[in-house]
>>> print(open('upload.csv').read())   # CSV, C-alpha atoms and all ligand atoms
chain,number,residue,atom,x,y,z
A,1,MET,CA,78.6,113.3,99.0
A,2,THR,CA,81.6,111.7,97.4
A,3,ARG,CA,83.7,109.7,100.0
A,4,ALA,CA,87.5,109.8,99.8
A,5,PHE,CA,89.8,107.5,101.7
A,6,SER,CA,93.6,107.3,101.8
A,7,GLY,CA,96.4,106.0,103.9
A,8,ILE,CA,100.1,106.7,104.8
A,9,GLN,CA,102.6,104.5,106.5
A,10,PRO,CA,104.5,105.6,109.7
A,11,THR,CA,107.6,104.0,108.2
A,12,GLY,CA,109.9,107.1,108.4
A,13,ASP,CA,109.9,110.8,107.9
A,14,VAL,CA,107.4,112.3,105.6
A,15,HIS,CA,109.0,113.6,102.4
A,16,LEU,CA,108.2,116.0,99.6
A,17,GLY,CA,106.9,113.1,97.4
A,18,ASN,CA,104.3,112.2,100.1
A,19,TYR,CA,103.3,115.8,100.4
A,20,LEU,CA,103.1,116.8,96.7
A,21,GLY,CA,101.8,113.4,95.6
A,22,ALA,CA,99.2,112.8,98.2
A,23,VAL,CA,98.8,114.8,101.4
A,24,ARG,CA,98.5,118.3,99.9
A,25,ARG,CA,95.6,117.1,97.8
A,26,TRP,CA,93.9,115.6,100.8
A,27,VAL,CA,94.1,119.0,102.5
A,28,ASP,CA,92.9,120.9,99.5
A,29,ASP,CA,89.9,118.6,98.9
A,30,GLN,CA,88.8,118.0,102.5
A,31,HIS,CA,86.0,120.5,102.3
A,32,ASP,CA,84.6,119.2,99.0
A,33,VAL,CA,84.5,115.5,99.7
A,34,ASP,CA,83.7,113.4,102.8
A,35,SER,CA,87.4,112.6,103.7
A,36,ILE,CA,88.8,109.8,105.8
A,37,PHE,CA,92.6,109.5,106.4
A,38,CYS,CA,94.4,106.7,108.1
A,39,VAL,CA,97.9,106.3,109.5
A,40,VAL,CA,98.4,102.7,108.4
A,41,ASP,CA,100.5,101.3,111.3
A,42,LEU,CA,99.6,97.6,110.5
A,43,HIS,CA,101.1,98.1,107.0
A,44,ALA,CA,104.3,99.3,108.6
A,45,LEU,CA,104.6,96.0,110.4
A,46,THR,CA,105.2,94.2,107.1
A,47,ILE,CA,108.9,95.1,107.5
A,48,PRO,CA,110.2,94.5,111.1
A,49,LYS,CA,110.4,97.7,113.1
A,50,ASP,CA,111.6,98.8,116.6
A,51,PRO,CA,108.4,99.0,118.7
A,52,GLU,CA,109.3,102.3,120.3
A,53,VAL,CA,110.2,103.8,117.0
A,54,LEU,CA,107.0,102.7,115.4
A,55,ARG,CA,104.9,104.1,118.3
A,56,SER,CA,106.6,107.5,118.2
A,57,LYS,CA,106.5,107.7,114.4
A,58,THR,CA,102.8,106.9,114.4
A,59,LEU,CA,102.0,109.8,116.7
A,60,GLN,CA,104.5,112.1,114.9
A,61,LEU,CA,102.9,111.3,111.5
A,62,ALA,CA,99.5,112.2,112.9
A,63,GLN,CA,100.8,115.5,114.2
A,64,LEU,CA,102.4,116.2,110.9
A,65,LEU,CA,99.2,115.5,109.0
A,66,VAL,CA,97.4,118.0,111.2
A,67,ALA,CA,100.3,120.5,110.6
A,68,CYS,CA,100.0,120.0,106.9
A,69,GLY,CA,96.4,121.2,107.2
A,70,LEU,CA,94.1,118.3,107.8
A,71,GLU,CA,91.3,119.7,110.0
A,72,PRO,CA,90.0,117.3,112.6
A,73,GLU,CA,86.6,119.0,112.6
A,74,THR,CA,86.3,118.6,108.8
A,75,CYS,CA,87.8,115.2,108.0
A,76,THR,CA,88.3,111.9,109.9
A,77,LEU,CA,91.9,111.1,110.9
A,78,PHE,CA,92.7,107.9,112.8
A,79,VAL,CA,95.2,105.1,113.3
A,80,GLN,CA,94.5,101.8,111.5
A,81,SER,CA,95.1,99.5,114.5
A,82,HIS,CA,92.5,101.5,116.5
A,83,VAL,CA,89.8,100.1,114.2
A,84,PRO,CA,90.1,96.3,114.4
A,85,GLU,CA,87.6,95.9,111.5
A,86,HIS,CA,90.6,96.5,109.2
A,87,SER,CA,92.1,93.2,110.1
A,88,GLY,CA,88.7,91.5,110.0
A,89,LEU,CA,87.9,92.6,106.4
A,90,ALA,CA,91.6,92.0,105.4
A,91,TRP,CA,91.1,88.2,105.9
A,92,LEU,CA,88.0,88.2,103.6
A,93,MET,CA,90.1,90.1,101.0
A,94,GLU,CA,93.0,87.7,101.3
A,95,CYS,CA,90.6,84.9,100.5
A,96,THR,CA,89.3,86.8,97.5
A,97,ALA,CA,92.6,88.0,96.0
A,98,SER,CA,94.5,85.3,94.2
A,99,PHE,CA,98.1,84.2,94.8
A,100,GLY,CA,98.9,85.2,91.1
A,101,GLU,CA,97.5,88.7,91.5
A,102,LEU,CA,99.5,89.3,94.7
A,103,SER,CA,102.6,87.9,93.0
A,104,ARG,CA,102.4,90.5,90.2
A,105,MET,CA,102.6,93.5,92.6
A,106,VAL,CA,105.6,95.6,91.8
A,107,GLN,CA,105.9,97.0,95.3
A,108,PHE,CA,106.2,93.4,96.7
A,109,LYS,CA,108.9,92.6,94.2
A,110,ASP,CA,110.9,95.8,95.0
A,111,LYS,CA,110.6,95.4,98.8
A,112,SER,CA,111.2,91.7,98.9
A,113,ASP,CA,114.4,92.2,96.9
A,114,ARG,CA,115.6,94.9,99.3
A,115,ASN,CA,114.9,93.0,102.6
A,116,ASP,CA,116.5,89.8,104.0
A,117,PHE,CA,113.4,88.8,105.8
A,118,VAL,CA,110.3,88.7,103.6
A,119,SER,CA,107.1,88.4,105.8
A,120,ALA,CA,103.9,86.8,104.6
A,121,GLY,CA,102.3,90.2,105.5
A,122,LEU,CA,104.5,91.9,102.9
A,123,PHE,CA,103.0,89.6,100.3
A,124,THR,CA,99.4,90.0,101.4
A,125,TYR,CA,99.8,93.8,102.1
A,126,PRO,CA,97.5,94.8,99.1
A,127,ALA,CA,94.7,92.7,100.5
A,128,LEU,CA,94.9,94.7,103.8
A,129,GLN,CA,95.0,97.9,101.7
A,130,ALA,CA,91.9,96.8,99.8
A,131,ALA,CA,90.2,96.2,103.1
A,132,ASP,CA,91.2,99.7,104.3
A,133,ILE,CA,89.5,101.3,101.3
A,134,LEU,CA,86.5,99.0,101.0
A,135,LEU,CA,85.5,99.3,104.7
A,136,TYR,CA,84.4,102.9,104.1
A,137,ASP,CA,82.3,102.6,100.9
A,138,THR,CA,85.0,104.7,99.3
A,139,ASP,CA,84.4,106.4,96.0
A,140,VAL,CA,87.9,107.9,95.4
A,141,VAL,CA,91.4,107.1,96.6
A,142,PRO,CA,93.8,110.1,96.3
A,143,VAL,CA,97.3,108.6,96.0
A,144,GLY,CA,100.6,109.1,94.2
A,145,ASP,CA,101.3,107.3,91.0
A,146,ASP,CA,103.1,104.3,92.7
A,147,GLN,CA,99.8,103.2,94.2
A,148,ARG,CA,98.0,102.7,90.8
A,149,GLN,CA,98.5,98.9,90.8
A,150,HIS,CA,97.2,98.5,94.4
A,151,ILE,CA,94.0,100.5,93.8
A,152,GLU,CA,93.4,98.5,90.6
A,153,LEU,CA,93.7,95.3,92.7
A,154,ALA,CA,91.2,96.7,95.3
A,155,ARG,CA,88.8,97.3,92.4
A,156,ASP,CA,89.2,93.8,91.1
A,157,VAL,CA,88.9,92.2,94.5
A,158,ALA,CA,85.7,94.2,95.3
A,159,THR,CA,84.2,93.3,92.0
A,160,ARG,CA,85.0,89.6,92.5
A,161,PHE,CA,83.6,89.6,96.1
A,162,ASN,CA,80.4,91.2,94.8
A,163,ASN,CA,80.0,88.6,92.0
A,164,ARG,CA,80.6,85.7,94.4
A,165,CYS,CA,78.0,87.0,96.9
A,166,GLY,CA,75.6,87.9,94.1
A,167,SER,CA,75.0,91.5,95.4
A,168,ASP,CA,76.8,94.9,95.5
A,169,VAL,CA,78.1,94.6,99.1
A,170,LEU,CA,81.3,96.6,98.4
A,171,VAL,CA,81.6,99.9,96.6
A,172,VAL,CA,84.2,99.7,93.7
A,173,PRO,CA,86.6,102.7,94.2
A,174,GLU,CA,88.5,104.8,91.7
A,175,HIS,CA,92.0,106.2,92.2
A,176,VAL,CA,92.7,109.9,91.7
A,177,ILE,CA,96.3,110.8,90.9
A,178,PRO,CA,97.4,114.5,90.7
A,179,PRO,CA,98.4,115.8,87.2
A,180,VAL,CA,101.7,117.2,88.6
A,181,GLY,CA,103.8,115.8,91.5
A,182,ALA,CA,102.4,112.3,91.4
A,183,ARG,CA,105.9,110.8,91.1
A,184,ILE,CA,108.6,112.8,92.7
A,185,MET,CA,112.0,111.1,92.2
A,186,ASP,CA,115.0,110.8,94.5
A,187,LEU,CA,117.3,113.8,94.0
A,188,GLN,CA,120.4,111.7,93.9
A,189,ASN,CA,119.0,108.7,92.0
A,190,PRO,CA,116.3,110.2,89.7
A,191,GLY,CA,115.5,106.7,88.4
A,192,ASP,CA,114.0,105.8,91.8
A,193,LYS,CA,111.0,107.4,93.4
A,194,MET,CA,111.6,109.5,96.6
A,195,SER,CA,110.7,107.1,99.4
A,196,LYS,CA,110.6,106.9,103.2
A,197,SER,CA,112.2,103.5,103.3
A,198,LEU,CA,115.0,104.0,100.8
A,199,ASP,CA,118.2,105.0,102.6
A,200,SER,CA,119.0,108.1,100.6
A,201,PRO,CA,119.1,111.1,103.0
A,202,GLN,CA,120.6,113.5,100.4
A,203,GLY,CA,118.1,112.4,97.8
A,204,THR,CA,115.1,112.9,100.0
A,205,VAL,CA,113.7,116.3,101.0
A,206,LEU,CA,111.8,115.9,104.3
A,207,VAL,CA,108.8,118.0,105.1
A,208,LEU,CA,110.6,118.9,108.4
A,209,ASP,CA,114.0,119.7,106.9
A,210,ASP,CA,115.2,123.2,107.7
A,211,PRO,CA,115.6,125.8,104.9
A,212,LYS,CA,119.4,125.4,104.6
A,213,THR,CA,119.1,121.6,104.4
A,214,ILE,CA,116.4,121.9,101.7
A,215,GLU,CA,118.5,124.3,99.7
A,216,LYS,CA,121.6,122.2,100.0
A,217,LYS,CA,119.8,119.0,98.9
A,218,ILE,CA,118.2,120.7,95.9
A,219,LYS,CA,121.4,122.5,94.8
A,220,ARG,CA,123.2,119.1,94.9
A,221,ALA,CA,120.5,117.3,92.9
A,222,VAL,CA,121.9,115.1,90.2
A,223,THR,CA,121.2,116.5,86.7
A,224,ASP,CA,123.3,115.9,83.6
A,225,THR,CA,126.1,117.6,81.7
A,226,ASP,CA,124.4,119.1,78.7
A,227,ASN,CA,123.0,122.1,80.6
A,228,GLU,CA,119.8,122.3,78.6
A,229,VAL,CA,116.6,122.8,80.6
A,230,ARG,CA,113.9,120.6,79.0
A,231,PHE,CA,111.1,118.5,80.4
A,232,ASP,CA,111.9,115.0,79.2
A,233,VAL,CA,111.5,112.3,81.9
A,234,ALA,CA,113.2,109.5,79.8
A,235,ASP,CA,116.2,111.5,78.7
A,236,LYS,CA,116.6,114.1,81.5
A,237,PRO,CA,115.2,112.5,84.6
A,238,GLY,CA,117.0,114.8,87.1
A,239,VAL,CA,116.1,118.1,85.4
A,240,SER,CA,112.5,116.9,84.8
A,241,ASN,CA,112.2,116.0,88.5
A,242,LEU,CA,113.2,119.5,89.5
A,243,LEU,CA,110.7,121.0,87.0
A,244,SER,CA,108.0,118.7,88.4
A,245,ILE,CA,108.8,119.8,92.0
A,246,LEU,CA,108.8,123.5,91.0
A,247,GLY,CA,105.6,123.0,89.0
A,248,ALA,CA,103.8,121.2,91.8
A,249,ALA,CA,105.0,123.8,94.4
A,250,THR,CA,103.9,126.8,92.3
A,251,GLY,CA,100.9,125.4,90.4
A,252,ARG,CA,102.6,125.7,87.0
A,253,ASP,CA,103.0,123.3,84.2
A,254,PRO,CA,106.5,121.7,84.3
A,255,GLU,CA,106.9,121.7,80.5
A,256,ALA,CA,106.0,125.4,80.3
A,257,LEU,CA,108.3,126.2,83.2
A,258,ALA,CA,111.3,124.8,81.3
A,259,ASP,CA,111.1,127.8,78.8
A,260,ASP,CA,111.9,130.2,81.7
A,261,TYR,CA,115.3,128.7,82.3
A,262,GLU,CA,118.5,128.4,80.3
A,263,MET,CA,120.8,127.0,83.0
A,264,TYR,CA,120.5,124.6,85.9
A,265,GLY,CA,121.7,127.0,88.6
A,266,PRO,CA,118.7,129.3,88.5
A,267,LEU,CA,116.3,126.4,88.2
A,268,LYS,CA,117.7,124.8,91.3
A,269,ALA,CA,117.7,128.1,93.2
A,270,ASP,CA,114.0,128.8,92.4
A,271,THR,CA,113.0,125.2,93.1
A,272,ALA,CA,114.7,125.4,96.6
A,273,GLU,CA,113.0,128.7,97.4
A,274,ALA,CA,109.6,127.5,96.3
A,275,VAL,CA,109.9,124.3,98.4
A,276,VAL,CA,111.1,126.3,101.5
A,277,GLU,CA,108.1,128.7,101.2
A,278,LEU,CA,105.7,125.8,100.6
A,279,LEU,CA,106.8,124.0,103.8
A,280,ARG,CA,107.3,126.9,106.1
A,281,PRO,CA,103.7,127.1,107.4
A,282,VAL,CA,103.6,123.3,107.9
A,283,GLN,CA,106.8,123.4,109.9
A,284,GLN,CA,105.5,126.3,112.1
A,285,ARG,CA,102.3,124.5,112.9
A,286,PHE,CA,104.2,121.3,113.6
A,287,ALA,CA,106.4,123.0,116.2
A,288,ASP,CA,103.2,124.0,118.1
A,289,LEU,CA,101.7,120.5,118.0
A,290,VAL,CA,104.7,118.5,118.9
A,291,ASP,CA,104.8,120.0,122.4
A,292,ASP,CA,101.2,119.0,123.0
A,293,PRO,CA,100.8,115.3,122.2
A,294,ALA,CA,97.4,115.1,124.1
A,295,THR,CA,95.7,117.2,121.4
A,296,THR,CA,96.7,114.8,118.7
A,297,THR,CA,95.8,111.8,120.8
A,298,GLN,CA,92.4,113.2,121.3
A,299,ILE,CA,91.9,113.9,117.6
A,300,LEU,CA,92.9,110.2,116.9
A,301,SER,CA,90.5,108.9,119.5
A,302,THR,CA,87.6,110.8,118.1
A,303,GLY,CA,88.6,109.8,114.5
A,304,ALA,CA,88.7,106.1,115.4
A,305,ALA,CA,85.3,106.2,117.0
A,306,LYS,CA,83.9,107.9,113.8
A,307,ALA,CA,85.7,105.5,111.5
A,308,ARG,CA,84.5,102.5,113.5
A,309,GLU,CA,80.9,103.3,113.1
A,310,ILE,CA,81.2,103.0,109.3
A,311,ALA,CA,83.7,100.2,109.3
A,312,SER,CA,81.7,97.9,111.6
A,313,ALA,CA,78.6,98.1,109.5
A,314,THR,CA,80.5,97.2,106.3
A,315,LEU,CA,82.4,94.3,107.9
A,316,ASP,CA,79.1,92.9,109.3
A,317,ARG,CA,77.5,93.2,105.8
A,318,ALA,CA,80.5,91.5,104.2
A,319,GLN,CA,80.7,88.7,106.7
A,320,ARG,CA,77.0,87.9,106.3
A,321,ALA,CA,77.2,88.1,102.5
A,322,VAL,CA,80.1,85.5,102.4
A,323,GLY,CA,78.2,83.1,104.6
A,324,LEU,CA,79.6,83.6,108.2
A,325,LEU,CA,77.0,82.9,110.9
A,326,SER,CA,75.8,86.0,112.7
A,327,PRO,CA,76.8,86.0,116.4
A,328,SER,CA,73.3,87.2,117.5
B,401,LIG,P1,107.6,103.5,101.8
B,401,LIG,O1,108.9,103.9,101.2
B,401,LIG,O2,107.8,103.1,103.3
B,401,LIG,O3,106.8,102.6,101.0
B,401,LIG,P2,106.5,105.9,100.8
B,401,LIG,O4,107.5,107.0,100.9
B,401,LIG,O5,106.3,105.2,99.5
B,401,LIG,O6,106.8,104.9,102.0
B,401,LIG,P3,103.7,105.8,101.7
B,401,LIG,O7,103.3,106.0,103.1
B,401,LIG,O8,103.8,104.4,101.2
B,401,LIG,O9,105.1,106.5,101.4
B,401,LIG,O10,102.8,106.7,100.8
B,401,LIG,C1,101.9,107.7,101.2
B,401,LIG,C2,101.4,108.4,100.0
B,401,LIG,O11,102.5,109.2,99.3
B,401,LIG,C3,100.9,107.5,98.9
B,401,LIG,O12,99.7,108.1,98.3
B,401,LIG,C4,102.0,107.5,97.8
B,401,LIG,O13,101.5,107.2,96.5
B,401,LIG,C5,102.5,108.9,97.9
B,401,LIG,N1,103.9,108.9,97.5
B,401,LIG,C6,105.0,108.2,98.1
B,401,LIG,N2,106.1,108.4,97.5
B,401,LIG,C7,105.8,109.4,96.5
B,401,LIG,C8,106.6,110.0,95.5
B,401,LIG,N3,107.9,109.8,95.4
B,401,LIG,N4,106.0,110.9,94.7
B,401,LIG,C9,104.7,111.1,94.8
B,401,LIG,N5,103.9,110.5,95.7
B,401,LIG,C10,104.4,109.6,96.5
B,402,LIG,N1,100.0,101.1,100.3
B,402,LIG,C1,100.0,102.5,100.5
B,402,LIG,C2,99.6,103.0,101.9
B,402,LIG,C3,98.2,102.6,102.1
B,402,LIG,C4,97.0,103.2,101.4
B,402,LIG,C5,95.9,102.5,102.0
B,402,LIG,C6,96.8,104.2,100.5
B,402,LIG,C7,97.7,101.6,102.9
B,402,LIG,N2,96.3,101.5,102.8
B,402,LIG,C8,94.6,102.7,101.5
B,402,LIG,C9,95.5,104.4,100.0
B,402,LIG,C10,94.4,103.7,100.5
B,402,LIG,C11,101.5,103.0,100.3
B,402,LIG,O1,102.4,102.2,100.4
B,402,LIG,N3,101.6,104.2,99.9
>>> encode(input="upload.csv", output="structure tokens", more="lines below")
Ligand code: ATP
Ligand code: LTN
Amino acid sequence: MTRAFSGIQPTGDVHLGNYLGAVRRWVDDQHDVDSIFCVVDLHALTIPKDPEVLRSKTLQLAQLLVACGLEPETCTLFVQSHVPEHSGLAWLMECTASFGELSRMVQFKDKSDRNDFVSAGLFTYPALQAADILLYDTDVVPVGDDQRQHIELARDVATRFNNRCGSDVLVVPEHVIPPVGARIMDLQNPGDKMSKSLDSPQGTVLVLDDPKTIEKKIKRAVTDTDNEVRFDVADKPGVSNLLSILGAATGRDPEALADDYEMYGPLKADTAEAVVELLRPVQQRFADLVDDPATTTQILSTGAAKAREIASATLDRAQRAVGLLSPS
């Protein structure tokens, strides 16, 4: 069976971009592929965090993923730091990726420009991400469009590792990016992707926003003055973003949807309604889970044990292949 692996950072509140670009697809495909999902708390440490906030966001993110529809009896859900093999393989990947490759990562350039303190971990972050993926003999990595470059790096590093060791120790993964919704933009700055760590509360629709807030944010979305509804990302980024959101929420093609509208008002109203309806069941399930943290803690503990079985075998194989002496 095809194996899928993906990760999400507990860096803030989950937004519509995370949901449409990644999580919804994980939920839809979990019965068809052997699915492993990880709350990547080690990645969140690359930018300093308040310890209590990180701890509570990690649990909350796991609860939200279950509320979104990940079924613990169907897929494996765990927290990255509960499986120490991630840090173990990350070192081997850091020694396989080159300084030049890591220097070319767009996300590093963006995040290092936006933060005063630039940690070494922010620079080597894609090597840890490669380790996450490669530990599980992953065939496919379902992600949003922004992760293309990181998955490409994981492929290059896996190939180089195999060539150096002279055998196929690591499986070379492919990315899968959804045709619609892979790049949801900030509603106030449609030139930037919607993001957990950008401070743009009005431009970011959160999965847990109440219906009134969702409506307000979408109705105030930045468009332009010519009042023509057309899907054209370069010329009309704000309007195209609304069409992408509506398309992803309703399963329709954004370009075709544009023909149904002559003015921005109705487009915004329909988009807001579609998003509210899409998120309603998630919010209802979340409300039940949040009062019962023990259920999610148990899911994560079972998930980590399942993940560890696979990860420890891969790490052992990789350590032997690279020439490390076996402890027994
Ligand atoms: P941060 O801002 O802290 O980097 P993020 O909002 O980019 O966080 P991640 O945890 O890094 O979110 O990403 C989780 C998944 O959501 C990834 O697969 C990523 O590609 C996807 N994703 C993130 N932002 C968007 C977006 N605006 N549109 C579509 N997919 C997205
Ligand atoms: N870098 C990713 C999060 C992430 C990930 C992964 C995604 C960490 N490890 C492994 C897919 C597979 C991000 O910033 N969205």
>>> closest_atom_pairs(input="upload.csv", of="chain A", to="ligand LIG 401 (chain B)", cutoff="9 Å", atoms="only C-alpha atoms and all ligand atoms", output="Markdown table")
| residue | atom | partner | partner_atom | distance |
| --- | --- | --- | --- | --- |
| A:Ser6 | CA | B:LIG401 | O12 | 7.1 |
| A:Gly7 | CA | B:LIG401 | C1 | 6.4 |
| A:Ile8 | CA | B:LIG401 | O7 | 3.7 |
| A:Gln9 | CA | B:LIG401 | O7 | 3.8 |
| A:Pro10 | CA | B:LIG401 | O7 | 6.7 |
| A:Thr11 | CA | B:LIG401 | O2 | 5.0 |
| A:Gly12 | CA | B:LIG401 | O2 | 6.8 |
| A:Asp13 | CA | B:LIG401 | O4 | 8.3 |
| A:Val14 | CA | B:LIG401 | O4 | 7.1 |
| A:His15 | CA | B:LIG401 | O4 | 6.9 |
| A:Leu16 | CA | B:LIG401 | N4 | 7.4 |
| A:Gly17 | CA | B:LIG401 | N4 | 3.6 |
| A:Asn18 | CA | B:LIG401 | O11 | 3.6 |
| A:Tyr19 | CA | B:LIG401 | O11 | 6.7 |
| A:Leu20 | CA | B:LIG401 | C9 | 6.2 |
| A:Gly21 | CA | B:LIG401 | N5 | 3.6 |
| A:Ala22 | CA | B:LIG401 | O12 | 4.7 |
| A:Val23 | CA | B:LIG401 | O11 | 7.0 |
| A:Val39 | CA | B:LIG401 | O7 | 8.4 |
| A:Val40 | CA | B:LIG401 | O7 | 7.9 |
| A:His43 | CA | B:LIG401 | O8 | 9.0 |
| A:Ala44 | CA | B:LIG401 | O2 | 7.4 |
| A:Gln107 | CA | B:LIG401 | O3 | 8.0 |
| A:Lys111 | CA | B:LIG401 | O3 | 8.4 |
| A:Val141 | CA | B:LIG401 | O12 | 8.5 |
| A:Pro142 | CA | B:LIG401 | O12 | 6.5 |
| A:Val143 | CA | B:LIG401 | O12 | 3.4 |
| A:Gly144 | CA | B:LIG401 | O13 | 3.1 |
| A:Asp145 | CA | B:LIG401 | O13 | 5.5 |
| A:Asp146 | CA | B:LIG401 | O13 | 5.0 |
| A:Gln147 | CA | B:LIG401 | O13 | 4.9 |
| A:Arg148 | CA | B:LIG401 | O13 | 8.1 |
| A:Ile177 | CA | B:LIG401 | O13 | 8.4 |
| A:Gly181 | CA | B:LIG401 | C9 | 5.8 |
| A:Ala182 | CA | B:LIG401 | C9 | 4.3 |
| A:Arg183 | CA | B:LIG401 | N4 | 3.6 |
| A:Ile184 | CA | B:LIG401 | N4 | 3.8 |
| A:Met185 | CA | B:LIG401 | N3 | 5.4 |
| A:Asp186 | CA | B:LIG401 | N3 | 7.2 |
| A:Asp192 | CA | B:LIG401 | N3 | 8.1 |
| A:Lys193 | CA | B:LIG401 | N3 | 4.4 |
| A:Met194 | CA | B:LIG401 | N3 | 3.9 |
| A:Ser195 | CA | B:LIG401 | O4 | 3.5 |
| A:Lys196 | CA | B:LIG401 | O4 | 3.9 |
| A:Ser197 | CA | B:LIG401 | O1 | 3.9 |
| A:Leu198 | CA | B:LIG401 | O1 | 6.1 |
>>> residues_around(input="upload.csv", residues="Ile133 of chain A", least_positions_apart="4", cutoff="10 Å", atoms="all atoms listed in the file", output="ChimeraX atom specification")
/A:4-7,36,38,86,128-129,137-141,151,154-155,170-173,311
>>> atom_distance(input="upload.csv", atom1="atom CA of Thr204 of chain A", atom2="atom CA of Leu65 of chain A")
18.5 Å
>>> atom_distance(input="upload.csv", atom1="atom CA of Asp270 of chain A", atom2="atom CA of Gly69 of chain A")
24.2 Å
>>> closest_residue(input="upload.csv", among="A:Gly238, A:Pro84, A:Pro126, A:Gly191", to="ligand LIG 402 (chain B)", atoms="all atoms listed in the file")
A:Pro126
>>> atom_distance(input="upload.csv", atom1="atom CA of Val53 of chain A", atom2="atom CA of Gly121 of chain A")
19.5 Å
>>> residues_around(input="upload.csv", residues="segment 210-223 of chain A", least_positions_apart="4", cutoff="6 Å", atoms="all atoms listed in the file", output="ChimeraX atom specification")
/A:187-188,202,238-239,268,272,276
>>> decode(input="upload.csv", residues="segment 28-39 of chain A", atoms="N, CA, C and O atoms", output="PDB file, in the first residue's frame")
ATOM      1  N   ASP A  28      -9.337  13.107   3.517  1.00  0.00           N
ATOM      2  CA  ASP A  28     -10.006  12.441   2.384  1.00  0.00           C
ATOM      3  C   ASP A  28      -9.294  11.159   1.963  1.00  0.00           C
ATOM      4  O   ASP A  28      -9.924  10.212   1.521  1.00  0.00           O
ATOM      5  N   ASP A  29      -7.960  11.155   2.059  1.00  0.00           N
ATOM      6  CA  ASP A  29      -7.200  10.025   1.499  1.00  0.00           C
ATOM      7  C   ASP A  29      -6.808   8.966   2.519  1.00  0.00           C
ATOM      8  O   ASP A  29      -6.193   7.961   2.164  1.00  0.00           O
ATOM      9  N   GLN A  30      -7.149   9.187   3.804  1.00  0.00           N
ATOM     10  CA  GLN A  30      -6.611   8.292   4.845  1.00  0.00           C
ATOM     11  C   GLN A  30      -7.033   6.828   4.685  1.00  0.00           C
ATOM     12  O   GLN A  30      -6.324   5.929   5.120  1.00  0.00           O
ATOM     13  N   HIS A  31      -8.189   6.597   4.016  1.00  0.00           N
ATOM     14  CA  HIS A  31      -8.632   5.207   3.861  1.00  0.00           C
ATOM     15  C   HIS A  31      -7.947   4.520   2.666  1.00  0.00           C
ATOM     16  O   HIS A  31      -7.961   3.304   2.564  1.00  0.00           O
ATOM     17  N   ASP A  32      -7.393   5.332   1.769  1.00  0.00           N
ATOM     18  CA  ASP A  32      -6.831   4.750   0.540  1.00  0.00           C
ATOM     19  C   ASP A  32      -5.322   4.566   0.603  1.00  0.00           C
ATOM     20  O   ASP A  32      -4.763   3.806  -0.186  1.00  0.00           O
ATOM     21  N   VAL A  33      -4.653   5.323   1.487  1.00  0.00           N
ATOM     22  CA  VAL A  33      -3.198   5.170   1.604  1.00  0.00           C
ATOM     23  C   VAL A  33      -2.846   4.973   3.075  1.00  0.00           C
ATOM     24  O   VAL A  33      -3.573   5.416   3.959  1.00  0.00           O
ATOM     25  N   ASP A  34      -1.733   4.312   3.316  1.00  0.00           N
ATOM     26  CA  ASP A  34      -1.263   4.104   4.691  1.00  0.00           C
ATOM     27  C   ASP A  34      -0.714   5.465   5.161  1.00  0.00           C
ATOM     28  O   ASP A  34       0.309   5.930   4.683  1.00  0.00           O
ATOM     29  N   SER A  35      -1.450   6.114   6.080  1.00  0.00           N
ATOM     30  CA  SER A  35      -1.193   7.531   6.360  1.00  0.00           C
ATOM     31  C   SER A  35      -0.571   7.757   7.733  1.00  0.00           C
ATOM     32  O   SER A  35      -1.064   7.240   8.733  1.00  0.00           O
ATOM     33  N   ILE A  36       0.480   8.574   7.752  1.00  0.00           N
ATOM     34  CA  ILE A  36       1.151   8.931   9.010  1.00  0.00           C
ATOM     35  C   ILE A  36       1.240  10.456   9.076  1.00  0.00           C
ATOM     36  O   ILE A  36       1.748  11.084   8.140  1.00  0.00           O
ATOM     37  N   PHE A  37       0.721  11.045  10.167  1.00  0.00           N
ATOM     38  CA  PHE A  37       0.739  12.502  10.301  1.00  0.00           C
ATOM     39  C   PHE A  37       1.389  12.895  11.612  1.00  0.00           C
ATOM     40  O   PHE A  37       1.191  12.242  12.642  1.00  0.00           O
ATOM     41  N   CYS A  38       2.124  14.004  11.544  1.00  0.00           N
ATOM     42  CA  CYS A  38       2.988  14.368  12.657  1.00  0.00           C
ATOM     43  C   CYS A  38       2.832  15.847  13.007  1.00  0.00           C
ATOM     44  O   CYS A  38       2.858  16.703  12.117  1.00  0.00           O
ATOM     45  N   VAL A  39       2.669  16.115  14.295  1.00  0.00           N
ATOM     46  CA  VAL A  39       2.703  17.505  14.771  1.00  0.00           C
ATOM     47  C   VAL A  39       4.177  17.815  15.029  1.00  0.00           C
ATOM     48  O   VAL A  39       4.788  17.247  15.947  1.00  0.00           O
TER      49      VAL A  39
END
